[in-house]
There are 4 protein chains.
Amino acid sequence: MTTPIRLAMIGGGRDAFIGAVHRKAAALDARFSLVAGCLSSSPEKALASGRDLGLPDARNYPTWRALLDSERARPADDRAEVVAIVTPNHTHHEIALASIEAGFHVICDKPLCHTSAQASDLAAVVARSGLVFAVTYNYSGYPMVKQARRLVRDGVLGPIRKVIVEYNQGWLASNLEASGQKQADWRTDPARSGLGGAIGDIGSHAEQLVAYVTGLELDVICADLTTFVKGRRLDDDANLLLRFKGGARGILTASQIEIGCENDLRLRVWGERGGLDWRQEDPNHLVLHALGEPERVFRRGNDYLAHEALLASRLPSGHPEAFIEAFANVYLGVAHAIRAGDSAPARSGGLGAATAPAEAPDFPSIHDGVRGVRFIEQAVLSSASERKWTPFKAP
Amino acid sequence: MTTPIRLAMIGGGRDAFIGAVHRKAAALDARFSLVAGCLSSSPEKALASGRDLGLPDARNYPTWRALLDSERARPADDRAEVVAIVTPNHTHHEIALASIEAGFHVICDKPLCHTSAQASDLAAVVARSGLVFAVTYNYSGYPMVKQARRLVRDGVLGPIRKVIVEYNQGWLASNLEASGQKQADWRTDPARSGLGGAIGDIGSHAEQLVAYVTGLELDVICADLTTFVKGRRLDDDANLLLRFKGGARGILTASQIEIGCENDLRLRVWGERGGLDWRQEDPNHLVLHALGEPERVFRRGNDYLAHEALLASRLPSGHPEAFIEAFANVYLGVAHAIRAGDSAPARSGGLGAATAPAEAPDFPSIHDGVRGVRFIEQAVLSSASERKWTPFKAP
Amino acid sequence: MTTPIRLAMIGGGRDAFIGAVHRKAAALDARFSLVAGCLSSSPEKALASGRDLGLPDARNYPTWRALLDSERARPADDRAEVVAIVTPNHTHHEIALASIEAGFHVICDKPLCHTSAQASDLAAVVARSGLVFAVTYNYSGYPMVKQARRLVRDGVLGPIRKVIVEYNQGWLASNLEASGQKQADWRTDPARSGLGGAIGDIGSHAEQLVAYVTGLELDVICADLTTFVKGRRLDDDANLLLRFKGGARGILTASQIEIGCENDLRLRVWGERGGLDWRQEDPNHLVLHALGEPERVFRRGNDYLAHEALLASRLPSGHPEAFIEAFANVYLGVAHAIRAGDSAPARSGGLGAATAPAEAPDFPSIHDGVRGVRFIEQAVLSSASERKWTPFKAP
Amino acid sequence: MTTPIRLAMIGGGRDAFIGAVHRKAAALDARFSLVAGCLSSSPEKALASGRDLGLPDARNYPTWRALLDSERARPADDRAEVVAIVTPNHTHHEIALASIEAGFHVICDKPLCHTSAQASDLAAVVARSGLVFAVTYNYSGYPMVKQARRLVRDGVLGPIRKVIVEYNQGWLASNLEASGQKQADWRTDPARSGLGGAIGDIGSHAEQLVAYVTGLELDVICADLTTFVKGRRLDDDANLLLRFKGGARGILTASQIEIGCENDLRLRVWGERGGLDWRQEDPNHLVLHALGEPERVFRRGNDYLAHEALLASRLPSGHPEAFIEAFANVYLGVAHAIRAGDSAPARSGGLGAATAPAEAPDFPSIHDGVRGVRFIEQAVLSSASERKWTPFKAP
């Protein structure tokens with residue numbers, strides 16, 4: 001058996017969406033214990049939210065700086081070990097930097113921060129620190145995404161030629177932010193969300209999914225970002241042509257005005273010998289096309305899957321797993337990285353502390369975070385340019 | 001904020017399947033805390049399993065009787081409040097009876113017990129006790145199943161004419177029990193599983209789903225149960241014709257030898273004005289057919305859904321929920337029934353204690369359990385009979 | 001090149017449904033030429049309908065007897081060679097018998113006739129005649145159904161254990177016949193349709209599909225036929241348990257009151273080593289489940305398919321074929337049987353006469369017709385019986 | 001009743017693909033009669049192919065010029081009325097021009113010709129002639145595509161914002177032309193196929209589908225055309241960003257190297273109030289998303305559909321129609337345009353001449369053809385350009 005990892009949360013109080021997702025994901029495998037929090041940028045709301053969650057007063061903090069300072073001062077076997085940063089984007093950099101400098105591991109929402117300069121700076125600090133830093137590109141936590149990555153790595157598709165990645169949403173098809181809806185409000189505000197609207201909020205997930213599954217590196221991009229809803233200050237629709245190093249081509253579309261689409265992230269990849277197809281809204285299946293053969297449908301939980309797909313799975317096949325489990329896989333990976341020494345069966349968890357597994361799913365790192373910020377920046381730059389191709393990286 | 005409910009678990013130790021599901025479901029909303037357990041019928045394994053989960057030695061019990069006796073003796077604000085019984089079927093009755101008599105609320109796996117006589121007996125004791133008793137017919141916990149029930153209740157389908165319910169599995173298509181696989185082993189053993197094989201293990205889920213969604217009562221049934229795998233001692237395939245009171249007709253099939261099927265529970269219902277279709281492996285969607293209109297697809301998480309479907313949902317639409325969440329809805333319902341007085345937003349939970357919601361999803365009761373046992377009995381009886389129709393209830 | 005086969009049609013005039021389907025199916029491959037007709041039981045309507053179709057007056061007959069007599073009297077190289085009988089069921093037997101006795105090949109709609117006695121009688125006459133006699137169980141004409149049959153015959157599924165066949169329709173969910181709708185009118189009239197409503201009209205298609213794909217023979221059946229719509233004179237919903245010789249079990253449901261279902265014929269078959277799944281509304285795909293392997297989806301038109309599936313296909317994969325093409329395969333088979341000597345590529349046809357192929361799709365014979373009539377009879381008998389099992393054949 | 005229209009065919013002999021499709025489409029409704037042909041550019045093959053189809057020697061021509069000259073010389077009530085041009089692309093312009101000038105109506109395959117200049121020239125001649133000229137953009141012949149167009153026209157989607165059109169194929173993923181496969185051979189040869197590979201062969205279908213359904217006009221485009229297969233001389237993958245007049249944005253992808261894709265043409269359109277989704281491989285369904293409402297699935301053949309969708313349909317719902325029927329709708333439209341005076345029920349046809357309907361499906365005209373050629377030209381131009389946006393039309 002293993003002691004749960006002591007988790008502190010910054011952000012995620014009343015009315016937040018993603019904070020509760022983090023807590024559920026952390027709870028699922030009984031590898032974490034929430035010991036401290038500063039759940040809002042408003043001290044009153046922070047304290048009230050912490051009380052909602054049963055935090056003891058002493059560790060229910062009004063400001064994130066108070067949290068870092070006080071927790072750091074506690075005995076090593078009592079203080080928070082990892083900080084989950086689930087605040088709006090504009091605060092990520094400052095909090096993450098301070099957290100790392102205070103000696104805490106970090107789990108940070110994406111996008112990592114607002115600018116490439118911030119991101120590189122942070123990455124350097126993290127590298128020096130030796131601490132664990134995860135960025136919650138949660139969609140790479142799905143078992144069948146890991147299976148897809150394995151198929152590509154094993155060469156089942158052959159050299160990759162073409163990628164189509166779509167992230168279709170419709171929830172911002174009208175001016176929801178004008179109604180005061182909290183999620184719409186900050187996501188469409190450049191000051192809090194950053195340079196990108198749809199391209200940042202969901203396009204960056206699409207970019208990371210491609211990189212994770214295919215390992216391809218972007219060479220140049222051509223972006224067309226549009227704001228359809230009157231009065232909106234950021235793009236709500238993004239269409240890109242992609243060229244990868246080595247010659248592969250691609251399309252990326254990320255939209256929040258496609259009515260009827262909910263969270264329709266889909267990745268298709270084709271190589272010289274095969275193709276694959278995965279959809280987030282049907283996450284337990286993965287379609288493989290091999291040249292000249294009938295289509296094959298891989299399903300989560302079956303013995304014919306790769307090790308990493310089985311490792312990231314909790315239930316027998318046909319008992320569907322979904323969003324929370326994929327998110328929880330990021331947490332499992334972080335737990336394992338923090339407590340690399342322990343060992344025990346992974347599926348026993350839930351309520352009650354779990355023993356630590358001998359291995360765990362991988363998780364998105366600060367490098368994904370850095371690349372993601374660059375992607376948003378260059379997409380915005382490309383969209384404003386008359387030149388067809390904008391380099392992904394400066395030479 | 002509200003104190004988590006103190007949960008004790010009987011069964012569910014190393015190698016068990018459903019125990020971990022219960023723990024994850026209980027953990028998801030931070031409404032329960034695992035305080036005690038007797039996790040196996042083998043005292044050594046029970047204690048080892050409890051240590052895996054971090055149970056304190058004092059409340060990690062070698063026998064379930066020890067658990068009930070010792071917990072009962074603890075102070076009221078410290079002892080377990082509810083017992084989750086996740087043992088093989090043959091032990092449910094004795095443990096459940098003792099738990100209720102010892103004053104604990106109960107969450108019990110299905111089927112409730114082996115015989116109608118036991119079930120009725122138990123139901124009477126529960127009724128007198130005033131305690132909460134849930135039977136984990138977890139599939140009725142899905143939000144879109146609750147939406148289906150609402151559509152039927154609102155008369156959208158008109159008077160019901162026809163039901164087709166299928167529970168297609170294939171995992172027992174070969175003699176898995178001969179390999180020592182634990183799940184196959186006890187489920188195919190009449191001493192532990194009861195009279196029914198497929199009809200008991202999954203047919204009873206199908207029966208409950210029909211009853212839950214349609215409210216129909218069975219009148220007579222005609223069953224054909226078969227054992228296809230050589231050496232197996234219980235049915236692995238069950239096909240039934242159903243007649244309901246009021247004239248509706250139906251088909252129920254439950255099979256564990258249908259290769260390629262995983263956990264394919266599907267319910268279709270037709271009335272005079274419409275029909276509906278739901279599949280467990282695609283649980284976030286519900287299809288509605290209204291006479292003369294295009295098919296409509298309802299999706300979880302949208303504002304156009306009924307109150308009870310939204311209440312049973314945690315994530316925005318398009319962020320799929322699945323098996324664990326449906327299971328967790330049973331736990332949420334139980335939590336609410338035990339702590340009916342508290343109030344707070346339901347979606348805030350996860351890690352850290354949650355505040356109690358003002359209302360919660362409904363949950364399957366001992367009446368479902370009693371009816372389910374009767375269903376298995378009468379199906380077995382019908383299968384052995386030369387008469388076409390076997391009454392569901394004695395006159 | 002080959003001279004088109006001279007076709008006469010009985011029935012299928014103005015307002016008829018299936019007559020036009022026959023004509024389109026016959027036209028598709030340019031292997032038939034319509035030379036004569038008696039297109040209605042009403043002489044006036046017959047003649048008007050024939051004029052609609054451009055039949056010359058001399059061969060546009062007011063009665064079917066006139067057609068048979070006059071055509072028979074024409075020179076051998078000019079007279080009709082085959083008679084398509086597309087009249088309501090009650091007239092099939094008399095017309096078919098007379099057609100065979102007059103020396104014509106026959107293509108007859110299903111069900112073949114009203115009683116087993118008629119059917120056997122007719123079969124004996126056909127056998128003596130040496131003439132071609134097809135019964136338009138058109139669904140066995142689909143290429144992927146032929147692929148399914150091949151997979152079963154090749155033992156890919158192993159010995160068959162279980163069959164579920166469904167024929168779900170909803171078009172008779174209300175009293176359409178009361179509105180005078182022609183198709184509803186005769187199909188719900190025992191005098192014209194026969195003993196069976198849904199069981200005859202569509203249940204018999206389902207029975208034939210099972211027999212065609214699996215080769216299984218029915219041993220005993222248990223039927224529950226219901227009439228849901230008030231005032232209707234025949235069943236509109238049929239649910240059956242099936243037992244086959246050799247131990248396989250099955251379910252057959254055929255309904256016309258399932259709102260939202262259009263022509264949803266679906267066959268699933270499972271054996272000891274695999275399963276398959278095919279749906280008429282998605283006819284270009286066939287799903288194969290092999291034990292322990294990912295699901296495979298076979299698609300029409302691909303080289304990996306069996307010879308008979310490719311032979312029954314006209315277009316490249318992805319260019320969907322559908323109902324008419326499957327129907328046309330029955331006609332192609334008949335053409336080949338009549339002109340067995342000719343040879344040439346099959347795909348060249350359409351408008352303009354085609355050369356005859358060296359081989360052609362198989363087609364349903366009078367034996368299917370005889371078995372189908374028996375099936376309807378025994379289903380009706382079983383439904384009225386208190387005994388669970390009714391033998392499919394008298395001992 | 002109406003005399004069938006006398007059809008002559010140029011191209012489409014032995015080994016051709018699309019010629020047989022034209023003949024089957026023309027045959028389906030019995031509105032055409034094949035009276036003459038020159039079925040290949042090789043005189044010997046032309047004559048042999050004509051004999052295969054049963055053409056009389058006198059009207060089985062060795063060259064297309066002989067066909068035009070001889071047919072023109074026949075009496076008005078005997079000569080061919082319409083010429084179907086089903087030859088490789090590079091010959092379309094010359095044959096079409098000559099056919100029109102000789103006084104024949106024309107049905108011509110797409111793309112219309114190689115250059116915009118040719119196309120405009122031809123269009124002017126057609127306009128002066130008063131003759132019927134159809135270009136077989138057959139996908140707009142599908143009933144549910146006509147329903148989609150109606151929904152857009154009726155404003156159900158509101159002003160259009162976004163279009164995604166995909167035409168995914170994989171049949172050219174390897175160097176099929178090197179094997180001598182006839183279809184691959186000419187389609188990858190610039191001399192016969194024209195400037196475009198995938199962009200011409202299938203991209204132009206995608207472009208036409210968008211224009212047909214939405215009525216949007218392209219403003220500027222940004223294309224990235226790639227040749228993945230070594231040794232291939234034309235693009236086999238095309239990805240485009242689209243900007244339409246009025247502000248709508250779009251993506252078009254057309255590829256022939258996407259393994260596992262067969263003929264996967266899909267159109268999605270979103271406006272301010274809704275979205276729609278249609279796939280050619282599942283052509284009988286159309287999905288409509290209206291803001292805040294459950295998804296609706298329209299199915300071919302139902303009374304709730306628009307008049308033009310019903311008019312383009314032959315079979316009851318659930319009896320799938322497919323590629324041939326959509327193609328036949330182009331022929332029906334042409335037949336009606338040629339014989340506008342006649343009238344009779346449309347569904348009676350097949351074998352035997354049909355009476356002409358009072359109205360018929362619309363069909364793609366030479367204007368679609370002209371626009372299509374321009375599209376290919378500008379896409380090729382854009383792909384070679386460093387400028388992001390290439391105007392669709394010269395100013």
# chains A, B, ... in the order shown; residues from 1 in each chain; ligands from 1
>>> residues_around(residues="Asp77 of chain D", least_positions_apart="2", cutoff="12 Å", atoms="only C-alpha atoms", output="PyMOL selection string")
chain D and resi 3-6+71-75+79-81
>>> write_last_selection(atoms="C-alpha atoms", output="PDB file, in the first residue's frame")
ATOM      1  CA  THR D   3     -41.511   7.022 -76.947  1.00  0.00           C
ATOM      2  CA  PRO D   4     -38.145   6.453 -75.350  1.00  0.00           C
ATOM      3  CA  ILE D   5     -35.535   9.048 -76.167  1.00  0.00           C
ATOM      4  CA  ARG D   6     -33.010   7.845 -78.720  1.00  0.00           C
ATOM      5  CA  GLU D  71     -27.059  10.046 -87.299  1.00  0.00           C
ATOM      6  CA  ARG D  72     -27.606  13.620 -88.404  1.00  0.00           C
ATOM      7  CA  ALA D  73     -28.429  12.324 -91.845  1.00  0.00           C
ATOM      8  CA  ARG D  74     -31.180  10.024 -90.612  1.00  0.00           C
ATOM      9  CA  PRO D  75     -34.827  11.081 -90.543  1.00  0.00           C
ATOM     10  CA  ARG D  79     -31.959   9.664 -85.513  1.00  0.00           C
ATOM     11  CA  ALA D  80     -30.312   9.864 -82.132  1.00  0.00           C
ATOM     12  CA  GLU D  81     -31.603  12.755 -80.069  1.00  0.00           C
TER      13      GLU D  81
END
>>> residues_around(residues="Ala309 of chain C", least_positions_apart="3", cutoff="9 Å", atoms="only C-alpha atoms", output="MDAnalysis selection string")
chainID C and resid 142:148 150 300:301 305:306 312:313 361
>>> write_last_selection(atoms="C-alpha atoms", output="PDB file, in the first residue's frame")
ATOM      1  CA  TYR C 142     -27.278  -8.745 -51.818  1.00  0.00           C
ATOM      2  CA  PRO C 143     -23.551  -9.326 -52.364  1.00  0.00           C
ATOM      3  CA  MET C 144     -22.717  -9.110 -48.688  1.00  0.00           C
ATOM      4  CA  VAL C 145     -25.371 -11.691 -47.877  1.00  0.00           C
ATOM      5  CA  LYS C 146     -23.619 -13.980 -50.298  1.00  0.00           C
ATOM      6  CA  GLN C 147     -20.359 -13.172 -48.520  1.00  0.00           C
ATOM      7  CA  ALA C 148     -21.990 -14.058 -45.198  1.00  0.00           C
ATOM      8  CA  ARG C 150     -19.631 -18.076 -47.834  1.00  0.00           C
ATOM      9  CA  ARG C 300     -18.789  -4.686 -51.073  1.00  0.00           C
ATOM     10  CA  GLY C 301     -16.625  -4.460 -54.144  1.00  0.00           C
ATOM     11  CA  LEU C 305     -14.313 -10.841 -50.904  1.00  0.00           C
ATOM     12  CA  ALA C 306     -15.491 -14.238 -52.031  1.00  0.00           C
ATOM     13  CA  ALA C 312     -23.148 -10.160 -57.589  1.00  0.00           C
ATOM     14  CA  SER C 313     -21.677  -6.656 -57.617  1.00  0.00           C
ATOM     15  CA  PRO C 361     -25.565 -15.100 -59.011  1.00  0.00           C
TER      16      PRO C 361
END
>>> select_by_dssp(residues="segment 47-240 of chain D", states="helix (DSSP H, G or I)", output="PyMOL selection string")
chain D and resi 47-52+57-59+64-73+89-101+116-129+138-141+143-153+176-179+182-187+190-193+198-214
>>> closest_atom_pairs(of="chain A", to="chain C", cutoff="10 Å", atoms="only C-alpha atoms", output="tab-separated table")
residue	atom	partner	partner_atom	distance
A:Leu286	CA	C:Pro294	CA	9.8
A:Val287	CA	C:Glu295	CA	9.5
A:Leu288	CA	C:Arg296	CA	9.6
A:His289	CA	C:Val297	CA	10.0
A:Gly292	CA	C:Tyr304	CA	7.1
A:Glu293	CA	C:Tyr304	CA	6.7
A:Pro294	CA	C:Phe298	CA	5.1
A:Glu295	CA	C:Val297	CA	5.0
A:Arg296	CA	C:Arg296	CA	4.5
A:Val297	CA	C:Glu295	CA	5.1
A:Phe298	CA	C:Pro294	CA	5.1
A:Arg299	CA	C:Pro294	CA	7.1
A:Asn302	CA	C:Gly292	CA	7.9
A:Asp303	CA	C:Gly292	CA	7.5
A:Tyr304	CA	C:Glu293	CA	6.7
A:Leu305	CA	C:Pro294	CA	9.1
>>> write_last_selection(atoms="C-alpha atoms", output="short mmCIF file (atom, residue, chain, number, x, y, z; two decimals), in the first residue's frame")
data_model
loop_
_atom_site.label_atom_id
_atom_site.label_comp_id
_atom_site.auth_asym_id
_atom_site.auth_seq_id
_atom_site.Cartn_x
_atom_site.Cartn_y
_atom_site.Cartn_z
CA LEU A 286 -10.23 2.78 -33.03
CA VAL A 287 -10.52 1.97 -36.70
CA LEU A 288 -7.53 0.64 -38.61
CA HIS A 289 -7.41 0.38 -42.38
CA GLY A 292 -6.21 -4.32 -49.24
CA GLU A 293 -7.78 -5.67 -46.07
CA PRO A 294 -11.16 -5.29 -44.40
CA GLU A 295 -11.41 -2.45 -41.93
CA ARG A 296 -10.59 -3.50 -38.38
CA VAL A 297 -12.19 -2.01 -35.29
CA PHE A 298 -10.10 -2.19 -32.14
CA ARG A 299 -12.02 -1.91 -28.90
CA ASN A 302 -9.25 -6.48 -25.27
CA ASP A 303 -6.16 -8.63 -24.99
CA TYR A 304 -5.15 -7.96 -28.56
CA LEU A 305 -4.30 -4.36 -27.71
#
>>> closest_residue(among="A:Gly37, A:Gly275, A:Gly12, A:Pro391", to="Leu55 of chain A", atoms="only C-alpha atoms")
A:Gly37
>>> residues_around(residues="Pro43 of chain D", least_positions_apart="4", cutoff="7 Å", atoms="only C-alpha atoms", output="list in words")
Leu47, Pro62 and Thr63 of chain D
>>> write_last_selection(atoms="all heavy atoms", output="PDB file, in the first residue's frame")
ATOM      1  N   LEU D  47     -16.328  -1.179 -82.500  1.00  0.00           N
ATOM      2  CA  LEU D  47     -17.293  -2.055 -83.175  1.00  0.00           C
ATOM      3  C   LEU D  47     -17.571  -3.300 -82.342  1.00  0.00           C
ATOM      4  O   LEU D  47     -18.723  -3.732 -82.192  1.00  0.00           O
ATOM      5  CB  LEU D  47     -16.772  -2.418 -84.569  1.00  0.00           C
ATOM      6  CG  LEU D  47     -16.642  -1.193 -85.504  1.00  0.00           C
ATOM      7  CD1 LEU D  47     -15.973  -1.593 -86.822  1.00  0.00           C
ATOM      8  CD2 LEU D  47     -18.017  -0.568 -85.769  1.00  0.00           C
ATOM      9  N   PRO D  62     -17.413   3.305 -86.141  1.00  0.00           N
ATOM     10  CA  PRO D  62     -15.999   3.178 -85.797  1.00  0.00           C
ATOM     11  C   PRO D  62     -15.392   4.473 -85.265  1.00  0.00           C
ATOM     12  O   PRO D  62     -14.384   4.442 -84.562  1.00  0.00           O
ATOM     13  CB  PRO D  62     -15.344   2.795 -87.126  1.00  0.00           C
ATOM     14  CG  PRO D  62     -16.247   3.362 -88.178  1.00  0.00           C
ATOM     15  CD  PRO D  62     -17.642   3.367 -87.603  1.00  0.00           C
ATOM     16  N   THR D  63     -15.994   5.623 -85.617  1.00  0.00           N
ATOM     17  CA  THR D  63     -15.476   6.905 -85.114  1.00  0.00           C
ATOM     18  C   THR D  63     -16.649   7.779 -84.691  1.00  0.00           C
ATOM     19  O   THR D  63     -17.766   7.643 -85.198  1.00  0.00           O
ATOM     20  CB  THR D  63     -14.687   7.689 -86.197  1.00  0.00           C
ATOM     21  OG1 THR D  63     -15.614   8.137 -87.211  1.00  0.00           O
ATOM     22  CG2 THR D  63     -13.616   6.809 -86.836  1.00  0.00           C
TER      23      THR D  63
END
>>> closest_residue(among="D:Asp237, D:Arg232, D:Ser120, D:Arg187", to="Ile251 of chain A", atoms="only C-alpha atoms")
D:Asp237
>>> residues_around(residues="segment 124-128 of chain D", least_positions_apart="3", cutoff="12 Å", atoms="only C-alpha atoms", output="PyMOL selection string")
chain D and resi 93+96-106+117-121+131-134+365-367+369-370
>>> write_last_selection(atoms="C-alpha atoms", output="PDB file, in the first residue's frame")
ATOM      1  CA  HIS D  93     -14.443  19.579 -75.654  1.00  0.00           C
ATOM      2  CA  ALA D  96     -19.202  18.084 -77.240  1.00  0.00           C
ATOM      3  CA  LEU D  97     -18.721  21.040 -79.516  1.00  0.00           C
ATOM      4  CA  ALA D  98     -19.240  18.926 -82.610  1.00  0.00           C
ATOM      5  CA  SER D  99     -22.297  17.230 -81.100  1.00  0.00           C
ATOM      6  CA  ILE D 100     -23.974  20.509 -80.287  1.00  0.00           C
ATOM      7  CA  GLU D 101     -23.109  21.920 -83.653  1.00  0.00           C
ATOM      8  CA  ALA D 102     -24.622  18.823 -85.251  1.00  0.00           C
ATOM      9  CA  GLY D 103     -27.832  19.511 -83.375  1.00  0.00           C
ATOM     10  CA  PHE D 104     -27.745  16.867 -80.677  1.00  0.00           C
ATOM     11  CA  HIS D 105     -28.524  17.301 -77.029  1.00  0.00           C
ATOM     12  CA  VAL D 106     -25.542  16.291 -74.880  1.00  0.00           C
ATOM     13  CA  ALA D 117     -11.217  29.089 -72.364  1.00  0.00           C
ATOM     14  CA  GLN D 118     -12.579  25.896 -73.906  1.00  0.00           C
ATOM     15  CA  ALA D 119     -15.345  25.785 -71.366  1.00  0.00           C
ATOM     16  CA  SER D 120     -16.505  29.364 -71.966  1.00  0.00           C
ATOM     17  CA  ASP D 121     -16.359  28.855 -75.670  1.00  0.00           C
ATOM     18  CA  LEU D 131     -30.076  22.410 -76.834  1.00  0.00           C
ATOM     19  CA  VAL D 132     -29.992  20.514 -73.566  1.00  0.00           C
ATOM     20  CA  PHE D 133     -26.525  20.084 -72.129  1.00  0.00           C
ATOM     21  CA  ALA D 134     -25.974  18.141 -68.903  1.00  0.00           C
ATOM     22  CA  SER D 365     -25.824  22.146 -66.470  1.00  0.00           C
ATOM     23  CA  ILE D 366     -22.984  23.476 -68.526  1.00  0.00           C
ATOM     24  CA  HIS D 367     -22.636  26.278 -65.990  1.00  0.00           C
ATOM     25  CA  GLY D 369     -19.169  22.403 -66.005  1.00  0.00           C
ATOM     26  CA  VAL D 370     -17.648  25.801 -66.674  1.00  0.00           C
TER      27      VAL D 370
END
>>> residues_around(residues="Gly155 of chain D", least_positions_apart="6", cutoff="12 Å", atoms="only C-alpha atoms", output="MDAnalysis selection string")
chainID D and resid 148:149 214:215 270:275 290
>>> write_last_selection(atoms="N, CA and C atoms", output="PDB file, in the first residue's frame")
ATOM      1  N   ALA D 148     -31.084  18.649 -48.688  1.00  0.00           N
ATOM      2  CA  ALA D 148     -30.125  19.568 -48.047  1.00  0.00           C
ATOM      3  C   ALA D 148     -30.204  20.955 -48.686  1.00  0.00           C
ATOM      4  N   ARG D 149     -30.230  20.955 -50.005  1.00  0.00           N
ATOM      5  CA  ARG D 149     -30.328  22.230 -50.733  1.00  0.00           C
ATOM      6  C   ARG D 149     -31.607  22.965 -50.351  1.00  0.00           C
ATOM      7  N   THR D 214     -25.332  24.843 -51.228  1.00  0.00           N
ATOM      8  CA  THR D 214     -25.326  26.126 -50.502  1.00  0.00           C
ATOM      9  C   THR D 214     -25.622  27.327 -51.373  1.00  0.00           C
ATOM     10  N   GLY D 215     -25.364  27.225 -52.674  1.00  0.00           N
ATOM     11  CA  GLY D 215     -25.490  28.409 -53.514  1.00  0.00           C
ATOM     12  C   GLY D 215     -24.386  29.429 -53.305  1.00  0.00           C
ATOM     13  N   TRP D 270     -22.624  24.665 -41.972  1.00  0.00           N
ATOM     14  CA  TRP D 270     -23.183  25.299 -40.783  1.00  0.00           C
ATOM     15  C   TRP D 270     -23.550  26.748 -41.065  1.00  0.00           C
ATOM     16  N   GLY D 271     -24.685  27.127 -40.553  1.00  0.00           N
ATOM     17  CA  GLY D 271     -25.100  28.512 -40.636  1.00  0.00           C
ATOM     18  C   GLY D 271     -25.313  29.078 -39.238  1.00  0.00           C
ATOM     19  N   GLU D 272     -25.947  30.205 -39.175  1.00  0.00           N
ATOM     20  CA  GLU D 272     -26.149  30.852 -37.870  1.00  0.00           C
ATOM     21  C   GLU D 272     -27.178  30.129 -37.004  1.00  0.00           C
ATOM     22  N   ARG D 273     -28.004  29.312 -37.641  1.00  0.00           N
ATOM     23  CA  ARG D 273     -29.062  28.670 -36.856  1.00  0.00           C
ATOM     24  C   ARG D 273     -29.039  27.142 -36.880  1.00  0.00           C
ATOM     25  N   GLY D 274     -28.156  26.581 -37.710  1.00  0.00           N
ATOM     26  CA  GLY D 274     -28.145  25.124 -37.769  1.00  0.00           C
ATOM     27  C   GLY D 274     -27.031  24.601 -38.641  1.00  0.00           C
ATOM     28  N   GLY D 275     -26.965  23.281 -38.707  1.00  0.00           N
ATOM     29  CA  GLY D 275     -25.953  22.629 -39.518  1.00  0.00           C
ATOM     30  C   GLY D 275     -26.510  21.379 -40.156  1.00  0.00           C
ATOM     31  N   ALA D 290     -30.341  21.700 -35.452  1.00  0.00           N
ATOM     32  CA  ALA D 290     -30.883  23.046 -35.237  1.00  0.00           C
ATOM     33  C   ALA D 290     -30.466  23.493 -33.846  1.00  0.00           C
TER      34      ALA D 290
END
>>> residues_around(residues="segment 107-113 of chain C", least_positions_apart="3", cutoff="9 Å", atoms="only C-alpha atoms", output="PyMOL selection string")
chain C and resi 18+82-94+96+116+118-119+132-137+193-194+200-201+204-205+330-331+334+366+368-370+372-373+376
